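**Q** I am attaching a structure below and will ask some questions about it afterwards.
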Amino acid sequence: MAGEKTEKTKAVFDRERVLVEAEGTAKELYDQSRFGELKEGKIQYSLVEALYLLEKGKLEIKEGRKKLKPEEFIKRAREFEPKFWIRYCVFRDMRQRGYIVKTALKFGADFRVYDRGVKPGEDHAKWIVYPVHETENMTMHEFAAKNRVAHSTKKRLLLAIVDEENECIFYEIRWIRP
């Protein structure tokens with residue numbers, strides 16, 4: 001209904017993650033859009049997922065008794081993830097384009113991204129993504145290592161370059177046989 005306010009899910013900031021009970025709106029968000037990971041009756045959000053949902057008005061995040069505003073949450077998240085803002089810009093851009101984005105630590109990347117309409121568990125991720133600020137340098141050795149990880153995991157490599165205006169440009173890199 002017009003003017004009706006939706007209930008925000010109450011979440012708790014817990015170091016490198018944000019936790020909520022796996023019920024109500026949080027469970028619906030998981031079922032529909034795969035936000036978070038189900039673990040022992042709770043949904044665990046990565047820090048980038050939590051900020052995205054906080055900015056969308058879906059979450060209320062508390063640390064102790066204090067309700068965190070987005071700028072406070074960003075400051076706290078940066079303590080655990082130095083490249084948090086760059087990673088968040090990429091996460092937000094991909095989500096706004098309709099992709100499901102999950103962490104990819106076991107693949108040695110920042111994110112794994114599923115093609116539109118595909119949910120984790122239904123099929124494999126199409127890409128692994130490495131967010132990079134436009135002023136960062138990458139050696140050919142680092143670039144080759146990222147490409148090799150993508151190739152060995154049967155995923156495509158996306159380099160996500162974040163500029164000074166927090167806009168993202170994506171480059172897909174593939175192996176070819178001449």
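Following the order of the structure tokens, chains are lettered A, B, ..., residues in each are numbered from 1, and ligands are numbered from 1.
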DSSP on the backbone: what in region 9-163 of chain A comes out strand (DSSP E), as a ChimeraX atom specification?

**A** /A:9-14,17-21,37-39,42-45,59-63,66-67,100-103,111-114,127-133,156-162

**Q** With N, CA and C atoms retained, write the just-selected residues as a compact mmCIF listing (two decimals), in the first residue's frame.

**A**
```txt
# COMPACT_ATOMS: atom_id res chain seq x y z
N THR A 9 14.89 -5.41 8.88
CA THR A 9 15.42 -6.57 9.58
C THR A 9 16.49 -6.10 10.55
N LYS A 10 16.41 -6.58 11.77
CA LYS A 10 17.38 -6.21 12.81
C LYS A 10 18.59 -7.13 12.69
N ALA A 11 19.76 -6.52 12.55
CA ALA A 11 20.99 -7.26 12.34
C ALA A 11 22.04 -6.85 13.36
N VAL A 12 23.03 -7.72 13.55
CA VAL A 12 24.11 -7.47 14.51
C VAL A 12 25.45 -7.50 13.78
N PHE A 13 26.23 -6.44 13.97
CA PHE A 13 27.58 -6.36 13.42
C PHE A 13 28.49 -7.25 14.27
N ASP A 14 29.16 -8.21 13.61
CA ASP A 14 30.00 -9.17 14.33
C ASP A 14 31.32 -9.32 13.58
N ARG A 17 31.42 -9.85 9.61
CA ARG A 17 30.13 -10.27 9.07
C ARG A 17 29.01 -9.57 9.83
N VAL A 18 27.81 -9.74 9.31
CA VAL A 18 26.61 -9.21 9.95
C VAL A 18 25.61 -10.36 10.02
N LEU A 19 24.99 -10.54 11.19
CA LEU A 19 24.11 -11.68 11.42
C LEU A 19 22.68 -11.28 11.67
N VAL A 20 21.73 -12.09 11.15
CA VAL A 20 20.31 -11.92 11.43
C VAL A 20 19.69 -13.31 11.61
N GLU A 21 18.54 -13.35 12.26
CA GLU A 21 17.80 -14.61 12.36
C GLU A 21 17.25 -14.94 10.98
N GLU A 37 24.24 -15.95 3.56
CA GLU A 37 24.47 -17.40 3.57
C GLU A 37 23.74 -17.96 4.79
N LEU A 38 23.00 -19.04 4.60
CA LEU A 38 22.31 -19.70 5.72
C LEU A 38 23.32 -20.51 6.53
N LYS A 39 23.37 -20.24 7.84
CA LYS A 39 24.27 -20.98 8.72
C LYS A 39 23.64 -21.09 10.10
N LYS A 42 20.73 -18.92 11.17
CA LYS A 42 20.97 -17.49 10.97
C LYS A 42 21.35 -17.25 9.52
N ILE A 43 21.23 -16.00 9.13
CA ILE A 43 21.74 -15.59 7.83
C ILE A 43 22.93 -14.70 8.11
N GLN A 44 24.03 -15.03 7.47
CA GLN A 44 25.27 -14.30 7.64
C GLN A 44 25.53 -13.48 6.38
N TYR A 45 25.61 -12.17 6.53
CA TYR A 45 25.90 -11.28 5.41
C TYR A 45 27.37 -10.90 5.41
N LEU A 59 17.91 -3.23 6.17
CA LEU A 59 18.54 -3.67 7.41
C LEU A 59 18.70 -2.51 8.38
N GLU A 60 18.68 -2.86 9.65
CA GLU A 60 19.09 -1.97 10.72
C GLU A 60 20.21 -2.72 11.42
N ILE A 61 21.40 -2.14 11.43
CA ILE A 61 22.57 -2.85 11.97
C ILE A 61 22.99 -2.22 13.29
N LYS A 62 23.12 -3.07 14.31
CA LYS A 62 23.56 -2.60 15.62
C LYS A 62 24.89 -3.23 15.97
N GLU A 63 25.69 -2.44 16.65
CA GLU A 63 26.92 -2.94 17.26
C GLU A 63 26.77 -2.65 18.74
N LYS A 66 24.38 0.31 19.95
CA LYS A 66 24.42 1.44 19.01
C LYS A 66 23.96 1.03 17.62
N LYS A 67 23.00 1.78 17.08
CA LYS A 67 22.52 1.58 15.71
C LYS A 67 23.51 2.30 14.79
N ILE A 100 23.72 -11.81 -9.12
CA ILE A 100 23.94 -12.25 -7.74
C ILE A 100 25.44 -12.34 -7.55
N VAL A 101 25.93 -11.69 -6.50
CA VAL A 101 27.36 -11.57 -6.23
C VAL A 101 27.64 -12.18 -4.86
N LYS A 102 28.56 -13.11 -4.81
CA LYS A 102 28.93 -13.77 -3.56
C LYS A 102 30.44 -13.69 -3.39
N THR A 103 30.91 -13.91 -2.16
CA THR A 103 32.34 -13.90 -1.92
C THR A 103 32.98 -15.10 -2.63
N PHE A 111 35.10 -11.85 -5.57
CA PHE A 111 33.70 -12.22 -5.77
C PHE A 111 33.57 -13.30 -6.83
N ARG A 112 32.47 -14.03 -6.73
CA ARG A 112 32.00 -14.86 -7.83
C ARG A 112 30.65 -14.30 -8.21
N VAL A 113 30.38 -14.28 -9.50
CA VAL A 113 29.16 -13.64 -9.99
C VAL A 113 28.39 -14.63 -10.86
N TYR A 114 27.10 -14.71 -10.58
CA TYR A 114 26.21 -15.60 -11.31
C TYR A 114 25.50 -14.81 -12.40
N TRP A 127 31.55 -15.85 -13.53
CA TRP A 127 32.77 -15.04 -13.44
C TRP A 127 33.35 -15.07 -12.04
N ILE A 128 34.66 -14.83 -11.96
CA ILE A 128 35.27 -14.39 -10.72
C ILE A 128 35.73 -12.96 -10.97
N VAL A 129 35.62 -12.13 -9.93
CA VAL A 129 35.84 -10.70 -10.09
C VAL A 129 36.90 -10.21 -9.12
N TYR A 130 37.80 -9.39 -9.67
CA TYR A 130 38.82 -8.72 -8.87
C TYR A 130 38.61 -7.21 -8.98
N PRO A 131 38.15 -6.55 -7.91
CA PRO A 131 38.03 -5.10 -7.92
C PRO A 131 39.40 -4.43 -7.78
N VAL A 132 39.63 -3.40 -8.57
CA VAL A 132 40.90 -2.68 -8.56
C VAL A 132 40.60 -1.19 -8.71
N HIS A 133 41.26 -0.36 -7.92
CA HIS A 133 41.11 1.09 -8.11
C HIS A 133 41.96 1.50 -9.31
N ARG A 156 35.06 -17.19 -15.99
CA ARG A 156 35.64 -16.08 -16.74
C ARG A 156 36.17 -15.05 -15.75
N LEU A 157 37.23 -14.37 -16.14
CA LEU A 157 37.85 -13.36 -15.29
C LEU A 157 37.28 -11.98 -15.62
N LEU A 158 36.81 -11.29 -14.59
CA LEU A 158 36.40 -9.90 -14.74
C LEU A 158 37.30 -9.04 -13.86
N LEU A 159 37.96 -8.08 -14.47
CA LEU A 159 38.65 -7.05 -13.71
C LEU A 159 37.69 -5.88 -13.62
N ALA A 160 37.40 -5.45 -12.42
CA ALA A 160 36.47 -4.33 -12.20
C ALA A 160 37.30 -3.13 -11.77
N ILE A 161 37.40 -2.15 -12.65
CA ILE A 161 38.20 -0.95 -12.38
C ILE A 161 37.27 0.12 -11.84
N VAL A 162 37.59 0.63 -10.63
CA VAL A 162 36.79 1.66 -9.98
C VAL A 162 37.52 2.98 -10.12
```

**Q** Env of Gly117 (chain A): 10 Å cut, atoms = only C-alpha atoms, seq-sep filter 2 positions within chain, self excluded. Answer as a CSV table (one decimal) with C-alpha atoms, in the first residue's frame.

**A**
```csv
chain,number,residue,atom,x,y,z
A,33,SER,CA,17.8,-12.8,-4.3
A,98,GLY,CA,20.7,-7.8,-11.7
A,99,TYR,CA,23.6,-10.2,-10.9
A,100,ILE,CA,23.9,-12.3,-7.7
A,114,TYR,CA,26.2,-15.6,-11.3
A,115,ASP,CA,24.6,-14.8,-14.6
A,119,LYS,CA,21.0,-18.6,-8.2
A,122,GLU,CA,21.2,-24.0,-9.3
```

**Q** Between A:Arg15, A:Trp175, A:Thr135, A:Cys168, which residue has the minimum interatomic distance to His151 (chain A), considering only C-alpha atoms?

**A**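 Result for the nearest residue to His151 (chain A): A:Trp175.
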
**Q** Give the answer as one residue: which of A:Glu40, A:Lys8, A:Leu29, A:Tyr52 has the shortest atom-to-atom distance to Met94 (chain A), using only C-alpha atoms?

**A**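 Looking only at the distances to Met94 (chain A), the closest residue turns out to be A:Tyr52.
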
**Q** Would you compute the distance between CA of Pro70 (chain A) and CA of Arg34 (chain A)? Give it in Å to one decimal.

**A**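 Computing it gives 21.7 Å between the two atoms.
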
**Q** Could you work out how far CA of Glu134 (chain A) lies from CA of Asp163 (chain A), giving the answer in Å with one decimal?

**A**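 Between CA of Asp163 (chain A) and CA of Glu134 (chain A) the gap is 5.3 Å.
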
**Q** Which is closer to Ala104 (chain A) than all the others in A:Arg116, A:Ala77, A:Ala125, A:Arg65, using only C-alpha atoms?

**A**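 Comparing A:Arg116, A:Ala77, A:Ala125, A:Arg65 against Ala104 (chain A), the winner is A:Ala125.
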
**Q** Pick the closest to Ala145 (chain A) from A:Gly121, A:Gly36, A:Gly57, A:Gly108: which is it, counting only C-alpha atoms?

**A**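 Under the stated criterion, the closest residue is A:Gly108.
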
**Q** Please report, as an mmCIF file with C-alpha atoms, in the first residue's frame, each residue of chain A to which DSSP assigns helix (DSSP H, G or I) when run on this structure's backbone.

**A**
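Output file part-v2.cif follows:
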```
data_model
loop_
_atom_site.group_PDB
_atom_site.id
_atom_site.type_symbol
_atom_site.label_atom_id
_atom_site.label_comp_id
_atom_site.auth_asym_id
_atom_site.auth_seq_id
_atom_site.Cartn_x
_atom_site.Cartn_y
_atom_site.Cartn_z
ATOM 1 C CA GLY A 24 10.772 -12.978 7.960
ATOM 2 C CA THR A 25 12.190 -10.412 5.556
ATOM 3 C CA ALA A 26 15.745 -11.754 5.868
ATOM 4 C CA LYS A 27 14.622 -15.231 4.782
ATOM 5 C CA GLU A 28 12.593 -13.727 1.912
ATOM 6 C CA LEU A 29 15.648 -11.760 0.729
ATOM 7 C CA TYR A 30 17.684 -14.934 0.846
ATOM 8 C CA ASP A 31 15.079 -17.011 -0.999
ATOM 9 C CA GLN A 32 14.396 -14.402 -3.692
ATOM 10 C CA SER A 33 17.794 -12.783 -4.256
ATOM 11 C CA LEU A 47 30.154 -6.650 4.910
ATOM 12 C CA VAL A 48 29.420 -5.486 1.351
ATOM 13 C CA GLU A 49 26.024 -7.227 1.350
ATOM 14 C CA ALA A 50 25.181 -5.659 4.703
ATOM 15 C CA LEU A 51 26.022 -2.119 3.549
ATOM 16 C CA TYR A 52 24.000 -2.600 0.368
ATOM 17 C CA LEU A 53 20.942 -3.714 2.359
ATOM 18 C CA LEU A 54 21.502 -0.943 4.913
ATOM 19 C CA GLU A 55 21.545 1.668 2.134
ATOM 20 C CA PRO A 70 26.003 3.897 6.780
ATOM 21 C CA GLU A 71 29.074 6.127 7.254
ATOM 22 C CA GLU A 72 29.785 4.532 10.670
ATOM 23 C CA PHE A 73 29.353 1.064 9.206
ATOM 24 C CA ILE A 74 31.793 1.894 6.372
ATOM 25 C CA LYS A 75 34.368 3.114 8.897
ATOM 26 C CA ARG A 76 34.042 -0.101 10.937
ATOM 27 C CA ALA A 77 34.102 -2.321 7.818
ATOM 28 C CA ARG A 78 37.336 -0.679 6.629
ATOM 29 C CA GLU A 79 38.998 -1.844 9.854
ATOM 30 C CA PHE A 80 38.483 -5.445 8.702
ATOM 31 C CA PHE A 84 36.196 -2.321 1.500
ATOM 32 C CA TRP A 85 35.012 0.748 -0.412
ATOM 33 C CA ILE A 86 36.441 -0.413 -3.757
ATOM 34 C CA ARG A 87 34.900 -3.844 -3.231
ATOM 35 C CA TYR A 88 31.582 -2.276 -2.251
ATOM 36 C CA CYS A 89 31.435 -0.095 -5.382
ATOM 37 C CA VAL A 90 31.834 -3.208 -7.534
ATOM 38 C CA PHE A 91 29.318 -5.225 -5.504
ATOM 39 C CA ARG A 92 26.720 -2.442 -5.687
ATOM 40 C CA ASP A 93 27.208 -1.957 -9.437
ATOM 41 C CA MET A 94 26.817 -5.670 -10.191
ATOM 42 C CA ARG A 95 23.760 -6.037 -7.933
ATOM 43 C CA GLN A 96 22.094 -3.014 -9.529
ATOM 44 C CA LEU A 105 37.736 -16.576 -1.099
ATOM 45 C CA LYS A 106 37.986 -20.289 -1.882
ATOM 46 C CA PHE A 107 38.671 -19.334 -5.515
ATOM 47 C CA MET A 140 52.079 -9.047 -15.267
ATOM 48 C CA HIS A 141 52.756 -11.843 -12.760
ATOM 49 C CA GLU A 142 49.735 -10.784 -10.653
ATOM 50 C CA PHE A 143 47.591 -10.466 -13.779
ATOM 51 C CA ALA A 144 48.648 -13.903 -15.038
ATOM 52 C CA ALA A 145 47.945 -15.434 -11.612
ATOM 53 C CA LYS A 146 44.405 -14.018 -11.603
ATOM 54 C CA ASN A 147 43.828 -15.278 -15.132
ATOM 55 C CA ARG A 148 45.134 -18.730 -14.218
ATOM 56 C CA VAL A 149 42.779 -18.930 -11.198
ATOM 57 C CA ALA A 150 39.806 -18.077 -13.412
ATOM 58 C CA HIS A 151 40.857 -20.591 -16.051
ATOM 59 C CA SER A 152 41.476 -23.397 -13.537
#
```

**Q** Could you state the separation of CA of Glu81 (chain A) and CA of Glu136 (chain A) in Å, given to one decimal place?

**A**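 CA of Glu136 (chain A) lies at a distance of 16.5 Å from CA of Glu81 (chain A).
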